[in-house]
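**Student:** One file: start_7.txt (compact mmCIF, N, CA, C and O atoms).
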```txt
# COMPACT_ATOMS: atom_id res chain seq x y z
N MET I 1 -9.92 -144.97 66.40
CA MET I 1 -10.56 -143.68 66.39
C MET I 1 -11.50 -143.55 65.20
O MET I 1 -12.62 -143.07 65.36
N THR I 2 -11.06 -144.00 64.02
CA THR I 2 -11.89 -143.90 62.83
C THR I 2 -13.20 -144.65 63.02
O THR I 2 -14.27 -144.13 62.70
N ASN I 3 -13.12 -145.87 63.55
CA ASN I 3 -14.33 -146.66 63.75
C ASN I 3 -15.29 -146.01 64.74
O ASN I 3 -16.50 -146.01 64.53
N ALA I 4 -14.76 -145.48 65.82
CA ALA I 4 -15.60 -144.84 66.84
C ALA I 4 -16.32 -143.63 66.26
O ALA I 4 -17.52 -143.43 66.49
N LEU I 5 -15.62 -142.82 65.49
CA LEU I 5 -16.23 -141.63 64.90
C LEU I 5 -17.25 -142.00 63.84
O LEU I 5 -18.32 -141.41 63.76
N ALA I 6 -16.92 -142.98 63.00
CA ALA I 6 -17.85 -143.42 61.95
C ALA I 6 -19.12 -144.01 62.56
O ALA I 6 -20.22 -143.75 62.09
N GLU I 7 -18.96 -144.79 63.61
CA GLU I 7 -20.13 -145.38 64.28
C GLU I 7 -21.00 -144.30 64.91
O GLU I 7 -22.23 -144.33 64.81
N ALA I 8 -20.38 -143.32 65.54
CA ALA I 8 -21.13 -142.22 66.14
C ALA I 8 -21.90 -141.45 65.07
O ALA I 8 -23.07 -141.13 65.25
N ALA I 9 -21.25 -141.19 63.95
CA ALA I 9 -21.89 -140.45 62.87
C ALA I 9 -23.10 -141.21 62.32
O ALA I 9 -24.11 -140.61 61.96
N SER I 10 -23.00 -142.54 62.28
CA SER I 10 -24.10 -143.34 61.72
C SER I 10 -25.36 -143.27 62.58
O SER I 10 -26.45 -143.55 62.11
N LYS I 11 -25.22 -142.88 63.84
CA LYS I 11 -26.37 -142.79 64.74
C LYS I 11 -27.13 -141.48 64.57
O LYS I 11 -28.24 -141.33 65.06
N GLY I 12 -26.54 -140.51 63.91
CA GLY I 12 -27.20 -139.23 63.69
C GLY I 12 -26.98 -138.22 64.80
O GLY I 12 -26.78 -137.05 64.55
N VAL I 13 -27.02 -138.66 66.05
CA VAL I 13 -26.75 -137.81 67.21
C VAL I 13 -25.91 -138.65 68.17
O VAL I 13 -26.34 -139.71 68.59
N ALA I 14 -24.70 -138.18 68.45
CA ALA I 14 -23.83 -139.00 69.30
C ALA I 14 -22.72 -138.17 69.91
O ALA I 14 -22.34 -137.13 69.39
N THR I 15 -22.18 -138.70 71.01
CA THR I 15 -21.00 -138.13 71.65
C THR I 15 -19.91 -139.18 71.64
O THR I 15 -20.15 -140.33 71.98
N VAL I 16 -18.72 -138.77 71.21
CA VAL I 16 -17.55 -139.64 71.26
C VAL I 16 -16.64 -139.07 72.35
O VAL I 16 -16.25 -137.91 72.29
N TYR I 17 -16.35 -139.90 73.34
CA TYR I 17 -15.55 -139.45 74.48
C TYR I 17 -14.16 -140.09 74.42
O TYR I 17 -14.03 -141.30 74.25
N PHE I 18 -13.13 -139.26 74.54
CA PHE I 18 -11.75 -139.73 74.61
C PHE I 18 -11.25 -139.48 76.03
O PHE I 18 -11.16 -138.34 76.46
N PRO I 19 -10.94 -140.55 76.77
CA PRO I 19 -10.43 -140.38 78.13
C PRO I 19 -9.08 -139.66 78.12
O PRO I 19 -8.46 -139.48 77.08
N SER I 20 -8.64 -139.31 79.29
CA SER I 20 -7.35 -138.66 79.46
C SER I 20 -6.25 -139.50 78.81
O SER I 20 -6.24 -140.72 78.92
N GLY I 21 -5.36 -138.85 78.08
CA GLY I 21 -4.26 -139.54 77.43
C GLY I 21 -3.83 -138.81 76.18
O GLY I 21 -4.39 -137.77 75.81
N GLU I 22 -2.83 -139.36 75.52
CA GLU I 22 -2.29 -138.77 74.30
C GLU I 22 -2.59 -139.73 73.15
O GLU I 22 -2.28 -140.92 73.23
N TYR I 23 -3.22 -139.22 72.09
CA TYR I 23 -3.62 -140.02 70.95
C TYR I 23 -2.86 -139.53 69.72
O TYR I 23 -3.06 -138.40 69.27
N LEU I 24 -1.98 -140.38 69.20
CA LEU I 24 -1.16 -140.01 68.04
C LEU I 24 -1.91 -140.31 66.76
O LEU I 24 -2.33 -141.44 66.52
N LEU I 25 -2.10 -139.28 65.95
CA LEU I 25 -2.69 -139.44 64.62
C LEU I 25 -1.52 -139.52 63.64
O LEU I 25 -1.08 -138.53 63.10
N SER I 26 -1.01 -140.74 63.46
CA SER I 26 0.19 -140.92 62.63
C SER I 26 -0.11 -140.76 61.14
O SER I 26 0.79 -140.56 60.34
N SER I 27 -1.38 -140.86 60.78
CA SER I 27 -1.81 -140.56 59.42
C SER I 27 -3.12 -139.79 59.53
O SER I 27 -3.77 -139.79 60.57
N SER I 28 -3.50 -139.15 58.47
CA SER I 28 -4.72 -138.36 58.48
C SER I 28 -5.94 -139.27 58.65
O SER I 28 -6.06 -140.29 57.99
N VAL I 29 -6.84 -138.90 59.56
CA VAL I 29 -8.08 -139.63 59.77
C VAL I 29 -9.20 -138.83 59.12
O VAL I 29 -9.42 -137.66 59.48
N ARG I 30 -9.88 -139.44 58.14
CA ARG I 30 -10.92 -138.72 57.40
C ARG I 30 -12.23 -139.48 57.50
O ARG I 30 -12.30 -140.66 57.21
N ILE I 31 -13.26 -138.77 57.93
CA ILE I 31 -14.61 -139.33 58.05
C ILE I 31 -15.52 -138.51 57.13
O ILE I 31 -15.54 -137.27 57.21
N VAL I 32 -16.29 -139.17 56.26
CA VAL I 32 -17.28 -138.52 55.42
C VAL I 32 -18.65 -138.94 55.93
O VAL I 32 -18.94 -140.13 56.05
N VAL I 33 -19.48 -137.96 56.25
CA VAL I 33 -20.81 -138.22 56.81
C VAL I 33 -21.85 -137.75 55.78
O VAL I 33 -22.03 -136.55 55.59
N PRO I 34 -22.53 -138.70 55.09
CA PRO I 34 -23.42 -138.33 53.99
C PRO I 34 -24.82 -137.87 54.41
O PRO I 34 -25.62 -137.49 53.58
N TYR I 35 -25.15 -137.89 55.70
CA TYR I 35 -26.50 -137.57 56.17
C TYR I 35 -26.40 -136.59 57.33
O TYR I 35 -25.32 -136.33 57.86
N ALA I 36 -27.54 -136.04 57.74
CA ALA I 36 -27.55 -135.09 58.85
C ALA I 36 -27.03 -135.75 60.12
O ALA I 36 -27.42 -136.86 60.45
N CYS I 37 -26.13 -135.08 60.79
CA CYS I 37 -25.51 -135.64 61.99
C CYS I 37 -25.16 -134.51 62.95
O CYS I 37 -24.68 -133.46 62.53
N HIS I 38 -25.41 -134.75 64.21
CA HIS I 38 -25.03 -133.80 65.26
C HIS I 38 -24.09 -134.55 66.19
O HIS I 38 -24.51 -135.39 66.97
N MET I 39 -22.81 -134.25 66.06
CA MET I 39 -21.77 -135.01 66.75
C MET I 39 -21.06 -134.14 67.78
O MET I 39 -20.84 -132.94 67.55
N LYS I 40 -20.70 -134.76 68.89
CA LYS I 40 -19.91 -134.08 69.91
C LYS I 40 -18.68 -134.93 70.17
O LYS I 40 -18.78 -136.15 70.36
N ILE I 41 -17.52 -134.30 70.13
CA ILE I 41 -16.27 -134.98 70.46
C ILE I 41 -15.78 -134.35 71.75
O ILE I 41 -15.56 -133.14 71.82
N LYS I 42 -15.63 -135.17 72.78
CA LYS I 42 -15.33 -134.65 74.12
C LYS I 42 -14.12 -135.35 74.70
O LYS I 42 -13.95 -136.55 74.54
N GLY I 43 -13.28 -134.58 75.37
CA GLY I 43 -12.13 -135.13 76.07
C GLY I 43 -12.29 -134.97 77.57
O GLY I 43 -13.32 -134.49 78.05
N ALA I 44 -11.26 -135.36 78.31
CA ALA I 44 -11.29 -135.29 79.77
C ALA I 44 -10.98 -133.89 80.30
O ALA I 44 -11.22 -133.61 81.47
N GLY I 45 -10.46 -133.04 79.45
CA GLY I 45 -10.15 -131.67 79.87
C GLY I 45 -8.98 -131.12 79.07
O GLY I 45 -8.19 -131.89 78.52
N PRO I 46 -8.87 -129.80 78.98
CA PRO I 46 -7.76 -129.19 78.26
C PRO I 46 -6.42 -129.67 78.81
O PRO I 46 -6.19 -129.64 80.01
N GLY I 47 -5.57 -130.16 77.95
CA GLY I 47 -4.27 -130.66 78.36
C GLY I 47 -4.30 -132.10 78.85
O GLY I 47 -3.28 -132.76 78.90
N LEU I 48 -5.47 -132.60 79.20
CA LEU I 48 -5.58 -133.98 79.68
C LEU I 48 -5.80 -134.97 78.53
O LEU I 48 -5.30 -136.08 78.56
N THR I 49 -6.59 -134.55 77.56
CA THR I 49 -6.80 -135.35 76.35
C THR I 49 -6.13 -134.60 75.21
O THR I 49 -6.53 -133.49 74.88
N ARG I 50 -5.08 -135.22 74.65
CA ARG I 50 -4.29 -134.56 73.61
C ARG I 50 -4.32 -135.38 72.33
O ARG I 50 -3.98 -136.56 72.34
N LEU I 51 -4.76 -134.76 71.23
CA LEU I 51 -4.69 -135.38 69.91
C LEU I 51 -3.47 -134.80 69.21
O LEU I 51 -3.41 -133.60 68.95
N VAL I 52 -2.51 -135.65 68.94
CA VAL I 52 -1.22 -135.22 68.41
C VAL I 52 -1.16 -135.54 66.92
O VAL I 52 -1.24 -136.70 66.52
N THR I 53 -1.02 -134.50 66.10
CA THR I 53 -0.90 -134.68 64.65
C THR I 53 0.52 -135.08 64.32
O THR I 53 1.47 -134.34 64.59
N GLY I 54 0.68 -136.27 63.74
CA GLY I 54 2.00 -136.78 63.38
C GLY I 54 2.15 -136.95 61.89
O GLY I 54 2.93 -137.78 61.42
N SER I 55 1.39 -136.18 61.12
CA SER I 55 1.43 -136.28 59.67
C SER I 55 1.37 -134.89 59.06
O SER I 55 0.66 -134.02 59.55
N THR I 56 2.08 -134.69 57.96
CA THR I 56 2.02 -133.41 57.26
C THR I 56 0.70 -133.28 56.49
O THR I 56 0.37 -132.21 56.01
N LYS I 57 -0.06 -134.37 56.39
CA LYS I 57 -1.34 -134.35 55.68
C LYS I 57 -2.51 -134.00 56.59
O LYS I 57 -3.64 -133.95 56.16
N GLY I 58 -2.24 -133.78 57.86
CA GLY I 58 -3.29 -133.36 58.78
C GLY I 58 -3.65 -134.44 59.78
O GLY I 58 -3.16 -135.56 59.72
N GLY I 59 -4.52 -134.07 60.70
CA GLY I 59 -4.93 -134.97 61.77
C GLY I 59 -6.31 -135.54 61.54
O GLY I 59 -6.48 -136.55 60.88
N LEU I 60 -7.32 -134.85 62.04
CA LEU I 60 -8.69 -135.33 61.98
C LEU I 60 -9.49 -134.46 61.02
O LEU I 60 -9.55 -133.25 61.17
N SER I 61 -10.11 -135.08 60.03
CA SER I 61 -10.89 -134.38 59.02
C SER I 61 -12.29 -134.98 58.99
O SER I 61 -12.45 -136.18 58.80
N ILE I 62 -13.31 -134.13 59.19
CA ILE I 62 -14.69 -134.58 59.15
C ILE I 62 -15.42 -133.77 58.08
O ILE I 62 -15.42 -132.55 58.13
N GLU I 63 -16.00 -134.47 57.12
CA GLU I 63 -16.72 -133.81 56.03
C GLU I 63 -18.20 -134.18 56.11
O GLU I 63 -18.58 -135.32 55.89
N PHE I 64 -19.01 -133.19 56.48
CA PHE I 64 -20.46 -133.38 56.50
C PHE I 64 -20.99 -133.03 55.11
O PHE I 64 -20.67 -131.99 54.57
N GLN I 65 -21.84 -133.87 54.56
CA GLN I 65 -22.42 -133.59 53.25
C GLN I 65 -23.84 -133.07 53.34
O GLN I 65 -24.43 -132.72 52.33
N ASP I 66 -24.39 -133.01 54.54
CA ASP I 66 -25.72 -132.46 54.76
C ASP I 66 -25.58 -131.14 55.52
O ASP I 66 -24.94 -131.09 56.57
N GLU I 67 -26.20 -130.10 55.02
CA GLU I 67 -26.06 -128.77 55.61
C GLU I 67 -26.64 -128.66 57.02
O GLU I 67 -26.35 -127.72 57.75
N ASN I 68 -27.46 -129.61 57.43
CA ASN I 68 -28.07 -129.57 58.76
C ASN I 68 -27.21 -130.24 59.83
O ASN I 68 -27.66 -130.44 60.94
N SER I 69 -26.00 -130.57 59.49
CA SER I 69 -25.09 -131.23 60.43
C SER I 69 -24.37 -130.21 61.30
O SER I 69 -24.24 -129.04 60.94
N SER I 70 -23.90 -130.69 62.46
CA SER I 70 -23.13 -129.82 63.34
C SER I 70 -22.15 -130.66 64.14
O SER I 70 -22.31 -131.87 64.27
N ILE I 71 -21.14 -129.98 64.65
CA ILE I 71 -20.15 -130.65 65.49
C ILE I 71 -19.80 -129.74 66.65
O ILE I 71 -19.76 -128.51 66.51
N GLU I 72 -19.57 -130.34 67.79
CA GLU I 72 -19.14 -129.63 68.98
C GLU I 72 -17.90 -130.33 69.50
O GLU I 72 -17.88 -131.56 69.61
N VAL I 73 -16.85 -129.58 69.77
CA VAL I 73 -15.60 -130.15 70.29
C VAL I 73 -15.35 -129.51 71.64
O VAL I 73 -15.37 -128.28 71.77
N GLU I 74 -15.11 -130.34 72.64
CA GLU I 74 -15.00 -129.82 74.00
C GLU I 74 -13.90 -130.55 74.78
O GLU I 74 -13.78 -131.77 74.70
N ASP I 75 -13.11 -129.80 75.50
CA ASP I 75 -12.11 -130.34 76.43
C ASP I 75 -11.05 -131.21 75.77
O ASP I 75 -10.64 -132.23 76.32
N LEU I 76 -10.59 -130.79 74.59
CA LEU I 76 -9.50 -131.47 73.88
C LEU I 76 -8.39 -130.48 73.60
O LEU I 76 -8.64 -129.28 73.46
N THR I 77 -7.20 -130.98 73.47
CA THR I 77 -6.08 -130.16 73.03
C THR I 77 -5.50 -130.80 71.78
O THR I 77 -5.23 -132.00 71.76
N PHE I 78 -5.33 -130.00 70.73
CA PHE I 78 -4.69 -130.47 69.50
C PHE I 78 -3.25 -129.99 69.51
O PHE I 78 -2.98 -128.83 69.77
N VAL I 79 -2.31 -130.91 69.20
CA VAL I 79 -0.90 -130.60 69.27
C VAL I 79 -0.22 -131.04 67.97
O VAL I 79 -0.50 -132.12 67.45
N ALA I 80 0.68 -130.20 67.46
CA ALA I 80 1.50 -130.58 66.30
C ALA I 80 2.66 -131.41 66.83
O ALA I 80 3.48 -130.92 67.59
N GLY I 81 2.70 -132.68 66.44
CA GLY I 81 3.72 -133.58 66.95
C GLY I 81 5.00 -133.58 66.13
O GLY I 81 6.01 -134.13 66.56
N ILE I 82 4.94 -132.98 64.93
CA ILE I 82 6.12 -132.92 64.06
C ILE I 82 6.19 -131.53 63.43
O ILE I 82 5.19 -130.81 63.38
N THR I 83 7.35 -131.19 62.92
CA THR I 83 7.50 -129.94 62.18
C THR I 83 6.67 -130.03 60.92
O THR I 83 6.64 -131.07 60.27
N MET I 84 5.98 -128.97 60.59
CA MET I 84 5.13 -128.91 59.40
C MET I 84 3.93 -129.84 59.48
O MET I 84 3.42 -130.32 58.48
N ALA I 85 3.47 -130.11 60.70
CA ALA I 85 2.27 -130.96 60.87
C ALA I 85 1.08 -130.29 60.20
O ALA I 85 0.98 -129.07 60.17
N GLY I 86 0.21 -131.09 59.66
CA GLY I 86 -0.98 -130.56 59.01
C GLY I 86 -1.98 -130.06 60.04
O GLY I 86 -1.75 -130.10 61.25
N ILE I 87 -3.12 -129.60 59.57
CA ILE I 87 -4.17 -129.06 60.43
C ILE I 87 -4.64 -130.13 61.40
O ILE I 87 -4.88 -131.27 61.02
N GLY I 88 -4.79 -129.77 62.68
CA GLY I 88 -5.22 -130.73 63.70
C GLY I 88 -6.66 -131.17 63.50
O GLY I 88 -6.98 -132.35 63.58
N LEU I 89 -7.57 -130.23 63.24
CA LEU I 89 -8.98 -130.54 63.03
C LEU I 89 -9.48 -129.72 61.85
O LEU I 89 -9.36 -128.50 61.84
N TYR I 90 -10.06 -130.41 60.89
CA TYR I 90 -10.64 -129.76 59.72
C TYR I 90 -12.08 -130.25 59.60
O TYR I 90 -12.33 -131.45 59.58
N VAL I 91 -13.03 -129.32 59.56
CA VAL I 91 -14.44 -129.68 59.41
C VAL I 91 -14.99 -128.96 58.19
O VAL I 91 -14.80 -127.76 58.03
N LYS I 92 -15.68 -129.72 57.35
CA LYS I 92 -16.26 -129.15 56.13
C LYS I 92 -17.76 -129.45 56.13
O LYS I 92 -18.18 -130.54 56.46
N ARG I 93 -18.53 -128.44 55.73
CA ARG I 93 -19.98 -128.59 55.63
C ARG I 93 -20.45 -127.75 54.46
O ARG I 93 -19.92 -126.66 54.24
N PRO I 94 -21.46 -128.21 53.71
CA PRO I 94 -21.95 -127.42 52.58
C PRO I 94 -22.44 -126.05 53.04
O PRO I 94 -23.05 -125.94 54.10
N ILE I 95 -22.19 -125.05 52.24
CA ILE I 95 -22.68 -123.71 52.54
C ILE I 95 -23.84 -123.44 51.59
O ILE I 95 -23.69 -123.40 50.38
N THR I 96 -25.02 -123.25 52.15
CA THR I 96 -26.21 -122.95 51.34
C THR I 96 -27.00 -121.84 52.00
O THR I 96 -28.17 -122.00 52.34
N GLY I 97 -26.34 -120.73 52.22
CA GLY I 97 -27.03 -119.59 52.81
C GLY I 97 -26.99 -119.55 54.32
O GLY I 97 -27.51 -118.63 54.92
N ARG I 98 -26.38 -120.54 54.95
CA ARG I 98 -26.30 -120.56 56.40
C ARG I 98 -24.85 -120.34 56.82
O ARG I 98 -23.94 -120.61 56.07
N TYR I 99 -24.67 -119.91 58.05
CA TYR I 99 -23.32 -119.79 58.57
C TYR I 99 -22.75 -121.17 58.79
O TYR I 99 -23.45 -122.10 59.11
N THR I 100 -21.46 -121.28 58.64
CA THR I 100 -20.80 -122.56 58.87
C THR I 100 -19.59 -122.37 59.75
O THR I 100 -19.11 -121.29 59.93
```
Can you present the structure in this file as structure tokens?

**Tutor:**
Amino acid sequence: MTNALAEAASKGVATVYFPSGEYLLSSSVRIVVPYACHMKIKGAGPGLTRLVTGSTKGGLSIEFQDENSSIEVEDLTFVAGITMAGIGLYVKRPITGRYT
């Protein structure tokens, strides 16, 4: 998952598709994107593609360092797989007078 997301981010504009299934995030996955990027993460449908957080440190974390970046998440379900699971999806982007 980390490689697919990092490769998509390097293209500047990309869609990462996760087919139907359950994906266990047994440790936190963190991607730092240092340039403008417009990324879409898409699943097969609500309940069909499940990202399961299995860590108290969180699931998927994407940090954009360029304020012109954006992300769209569609047709995914985030699930806490353990008690006290961390945040399923965390997105950070610089705030410089724009909504985030």

**Student:** Could you state the separation of atom CA of Leu24 of chain I and atom N of Ile82 of chain I in Å, given to one decimal place?

**Tutor:** 9.8 Å

**Student:** Set the distance at 5 Å and use all atoms listed in the file: which residues neighbour Cys37 of chain I once local chain neighbours fewer than 3 positions away are removed? I'd like the list as JSON, numbers by chain.

**Tutor:** {"I": [12, 68, 69, 70]}

**Student:** What gap, in Å, lies between atom CA of Asp75 of chain I and atom O of Lys40 of chain I?

**Tutor:**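 Atom O of Lys40 of chain I lies 10.7 Å from atom CA of Asp75 of chain I.
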
**Student:** Which of these residues is nearest to Asp66 of chain I, using all atoms listed in the file: I:Ser10, I:Lys92, I:Met39, I:Gly21?

**Tutor:**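 The answer is I:Lys92, which sits nearest to Asp66 of chain I.
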
**Student:** Given the point (-12.6, -141.6, 75.7) in the coordinates of this file, which residues lie within 8 Å, counting only N, CA, C and O atoms, and how would they look as a list in words?

**Tutor:**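 Counting only N, CA, C and O atoms, I find these residues within 8 Å of (-12.6, -141.6, 75.7): Val16, Tyr17, Phe18, Pro19, Ser20, Lys42, Gly43 and Ala44 of chain I.
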
**Student:** So, counting only N, CA, C and O atoms, which residue among I:Ala14, I:Leu51, I:Ile95, I:Val32 is closest to Phe78 of chain I?

**Tutor:**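 Using only N, CA, C and O atoms, the shortest distance to Phe78 of chain I belongs to I:Leu51.
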
**Student:** Which one is closest to Ser28 of chain I: I:Asn3, I:Glu72, I:Pro94, I:Thr53? Count only C-alpha atoms.

**Tutor:**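 The answer is I:Thr53, which sits nearest to Ser28 of chain I.
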
**Student:** Hey, which of I:Ala8, I:Leu89, I:Leu76, I:Leu60 ends up closest to Val29 of chain I? Count all atoms listed in the file.

**Tutor:**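 So, comparing all the options, the nearest one is I:Leu60.
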
**Student:** Report the residues of chain I whose backbone DSSP state falls under strand (DSSP E), written as a compact mmCIF listing (two decimals) with N, CA, C and O atoms, keeping the file's coordinate frame.

**Tutor:**
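File result-v3.txt, as written:
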```txt
# COMPACT_ATOMS: atom_id res chain seq x y z
N VAL I 13 -27.02 -138.66 66.05
CA VAL I 13 -26.75 -137.81 67.21
C VAL I 13 -25.91 -138.65 68.17
O VAL I 13 -26.34 -139.71 68.59
N ALA I 14 -24.70 -138.18 68.45
CA ALA I 14 -23.83 -139.00 69.30
C ALA I 14 -22.72 -138.17 69.91
O ALA I 14 -22.34 -137.13 69.39
N THR I 15 -22.18 -138.70 71.01
CA THR I 15 -21.00 -138.13 71.65
C THR I 15 -19.91 -139.18 71.64
O THR I 15 -20.15 -140.33 71.98
N VAL I 16 -18.72 -138.77 71.21
CA VAL I 16 -17.55 -139.64 71.26
C VAL I 16 -16.64 -139.07 72.35
O VAL I 16 -16.25 -137.91 72.29
N TYR I 17 -16.35 -139.90 73.34
CA TYR I 17 -15.55 -139.45 74.48
C TYR I 17 -14.16 -140.09 74.42
O TYR I 17 -14.03 -141.30 74.25
N PHE I 18 -13.13 -139.26 74.54
CA PHE I 18 -11.75 -139.73 74.61
C PHE I 18 -11.25 -139.48 76.03
O PHE I 18 -11.16 -138.34 76.46
N GLY I 21 -5.36 -138.85 78.08
CA GLY I 21 -4.26 -139.54 77.43
C GLY I 21 -3.83 -138.81 76.18
O GLY I 21 -4.39 -137.77 75.81
N GLU I 22 -2.83 -139.36 75.52
CA GLU I 22 -2.29 -138.77 74.30
C GLU I 22 -2.59 -139.73 73.15
O GLU I 22 -2.28 -140.92 73.23
N TYR I 23 -3.22 -139.22 72.09
CA TYR I 23 -3.62 -140.02 70.95
C TYR I 23 -2.86 -139.53 69.72
O TYR I 23 -3.06 -138.40 69.27
N LEU I 24 -1.98 -140.38 69.20
CA LEU I 24 -1.16 -140.01 68.04
C LEU I 24 -1.91 -140.31 66.76
O LEU I 24 -2.33 -141.44 66.52
N LEU I 25 -2.10 -139.28 65.95
CA LEU I 25 -2.69 -139.44 64.62
C LEU I 25 -1.52 -139.52 63.64
O LEU I 25 -1.08 -138.53 63.10
N VAL I 29 -6.84 -138.90 59.56
CA VAL I 29 -8.08 -139.63 59.77
C VAL I 29 -9.20 -138.83 59.12
O VAL I 29 -9.42 -137.66 59.48
N ARG I 30 -9.88 -139.44 58.14
CA ARG I 30 -10.92 -138.72 57.40
C ARG I 30 -12.23 -139.48 57.50
O ARG I 30 -12.30 -140.66 57.21
N ILE I 31 -13.26 -138.77 57.93
CA ILE I 31 -14.61 -139.33 58.05
C ILE I 31 -15.52 -138.51 57.13
O ILE I 31 -15.54 -137.27 57.21
N VAL I 32 -16.29 -139.17 56.26
CA VAL I 32 -17.28 -138.52 55.42
C VAL I 32 -18.65 -138.94 55.93
O VAL I 32 -18.94 -140.13 56.05
N VAL I 33 -19.48 -137.96 56.25
CA VAL I 33 -20.81 -138.22 56.81
C VAL I 33 -21.85 -137.75 55.78
O VAL I 33 -22.03 -136.55 55.59
N HIS I 38 -25.41 -134.75 64.21
CA HIS I 38 -25.03 -133.80 65.26
C HIS I 38 -24.09 -134.55 66.19
O HIS I 38 -24.51 -135.39 66.97
N MET I 39 -22.81 -134.25 66.06
CA MET I 39 -21.77 -135.01 66.75
C MET I 39 -21.06 -134.14 67.78
O MET I 39 -20.84 -132.94 67.55
N LYS I 40 -20.70 -134.76 68.89
CA LYS I 40 -19.91 -134.08 69.91
C LYS I 40 -18.68 -134.93 70.17
O LYS I 40 -18.78 -136.15 70.36
N ILE I 41 -17.52 -134.30 70.13
CA ILE I 41 -16.27 -134.98 70.46
C ILE I 41 -15.78 -134.35 71.75
O ILE I 41 -15.56 -133.14 71.82
N LYS I 42 -15.63 -135.17 72.78
CA LYS I 42 -15.33 -134.65 74.12
C LYS I 42 -14.12 -135.35 74.70
O LYS I 42 -13.95 -136.55 74.54
N GLY I 43 -13.28 -134.58 75.37
CA GLY I 43 -12.13 -135.13 76.07
C GLY I 43 -12.29 -134.97 77.57
O GLY I 43 -13.32 -134.49 78.05
N THR I 49 -6.59 -134.55 77.56
CA THR I 49 -6.80 -135.35 76.35
C THR I 49 -6.13 -134.60 75.21
O THR I 49 -6.53 -133.49 74.88
N ARG I 50 -5.08 -135.22 74.65
CA ARG I 50 -4.29 -134.56 73.61
C ARG I 50 -4.32 -135.38 72.33
O ARG I 50 -3.98 -136.56 72.34
N LEU I 51 -4.76 -134.76 71.23
CA LEU I 51 -4.69 -135.38 69.91
C LEU I 51 -3.47 -134.80 69.21
O LEU I 51 -3.41 -133.60 68.95
N VAL I 52 -2.51 -135.65 68.94
CA VAL I 52 -1.22 -135.22 68.41
C VAL I 52 -1.16 -135.54 66.92
O VAL I 52 -1.24 -136.70 66.52
N THR I 53 -1.02 -134.50 66.10
CA THR I 53 -0.90 -134.68 64.65
C THR I 53 0.52 -135.08 64.32
O THR I 53 1.47 -134.34 64.59
N LEU I 60 -7.32 -134.85 62.04
CA LEU I 60 -8.69 -135.33 61.98
C LEU I 60 -9.49 -134.46 61.02
O LEU I 60 -9.55 -133.25 61.17
N SER I 61 -10.11 -135.08 60.03
CA SER I 61 -10.89 -134.38 59.02
C SER I 61 -12.29 -134.98 58.99
O SER I 61 -12.45 -136.18 58.80
N ILE I 62 -13.31 -134.13 59.19
CA ILE I 62 -14.69 -134.58 59.15
C ILE I 62 -15.42 -133.77 58.08
O ILE I 62 -15.42 -132.55 58.13
N GLU I 63 -16.00 -134.47 57.12
CA GLU I 63 -16.72 -133.81 56.03
C GLU I 63 -18.20 -134.18 56.11
O GLU I 63 -18.58 -135.32 55.89
N PHE I 64 -19.01 -133.19 56.48
CA PHE I 64 -20.46 -133.38 56.50
C PHE I 64 -20.99 -133.03 55.11
O PHE I 64 -20.67 -131.99 54.57
N SER I 70 -23.90 -130.69 62.46
CA SER I 70 -23.13 -129.82 63.34
C SER I 70 -22.15 -130.66 64.14
O SER I 70 -22.31 -131.87 64.27
N ILE I 71 -21.14 -129.98 64.65
CA ILE I 71 -20.15 -130.65 65.49
C ILE I 71 -19.80 -129.74 66.65
O ILE I 71 -19.76 -128.51 66.51
N GLU I 72 -19.57 -130.34 67.79
CA GLU I 72 -19.14 -129.63 68.98
C GLU I 72 -17.90 -130.33 69.50
O GLU I 72 -17.88 -131.56 69.61
N VAL I 73 -16.85 -129.58 69.77
CA VAL I 73 -15.60 -130.15 70.29
C VAL I 73 -15.35 -129.51 71.64
O VAL I 73 -15.37 -128.28 71.77
N GLU I 74 -15.11 -130.34 72.64
CA GLU I 74 -15.00 -129.82 74.00
C GLU I 74 -13.90 -130.55 74.78
O GLU I 74 -13.78 -131.77 74.70
N THR I 77 -7.20 -130.98 73.47
CA THR I 77 -6.08 -130.16 73.03
C THR I 77 -5.50 -130.80 71.78
O THR I 77 -5.23 -132.00 71.76
N PHE I 78 -5.33 -130.00 70.73
CA PHE I 78 -4.69 -130.47 69.50
C PHE I 78 -3.25 -129.99 69.51
O PHE I 78 -2.98 -128.83 69.77
N VAL I 79 -2.31 -130.91 69.20
CA VAL I 79 -0.90 -130.60 69.27
C VAL I 79 -0.22 -131.04 67.97
O VAL I 79 -0.50 -132.12 67.45
N ALA I 80 0.68 -130.20 67.46
CA ALA I 80 1.50 -130.58 66.30
C ALA I 80 2.66 -131.41 66.83
O ALA I 80 3.48 -130.92 67.59
N LEU I 89 -7.57 -130.23 63.24
CA LEU I 89 -8.98 -130.54 63.03
C LEU I 89 -9.48 -129.72 61.85
O LEU I 89 -9.36 -128.50 61.84
N TYR I 90 -10.06 -130.41 60.89
CA TYR I 90 -10.64 -129.76 59.72
C TYR I 90 -12.08 -130.25 59.60
O TYR I 90 -12.33 -131.45 59.58
N VAL I 91 -13.03 -129.32 59.56
CA VAL I 91 -14.44 -129.68 59.41
C VAL I 91 -14.99 -128.96 58.19
O VAL I 91 -14.80 -127.76 58.03
N LYS I 92 -15.68 -129.72 57.35
CA LYS I 92 -16.26 -129.15 56.13
C LYS I 92 -17.76 -129.45 56.13
O LYS I 92 -18.18 -130.54 56.46
```

**Student:** May I ask which of the residues I:Pro46, I:Val52, I:Ile41, I:Gly59 is the closest one to Ala4 of chain I, counting only C-alpha atoms?

**Tutor:**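 Of all the options, I:Ile41 lies closest to Ala4 of chain I.
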
**Student:** What separation in Å, quoted to one decimal, exists between atom CA of Arg50 of chain I and atom C of Leu25 of chain I?

**Tutor:**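 Spanning atom CA of Arg50 of chain I to atom C of Leu25 of chain I is a straight-line distance of 11.5 Å.
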
**Student:** Between I:Ile71, I:Ala9, I:Met1, I:Ile62, single out the one closest to Gly88 of chain I, counting only C-alpha atoms.

**Tutor:**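 Answer, going by the shortest atom-to-atom distance: I:Ile62.
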
**Student:** Which residues, written as a ChimeraX atom specification, have at least one atom at most 10 Å from Arg30 of chain I, with only C-alpha atoms counted and residues fewer than 4 positions away on the same chain left out?

**Tutor:** /I:2,5-6,58-63,90-91
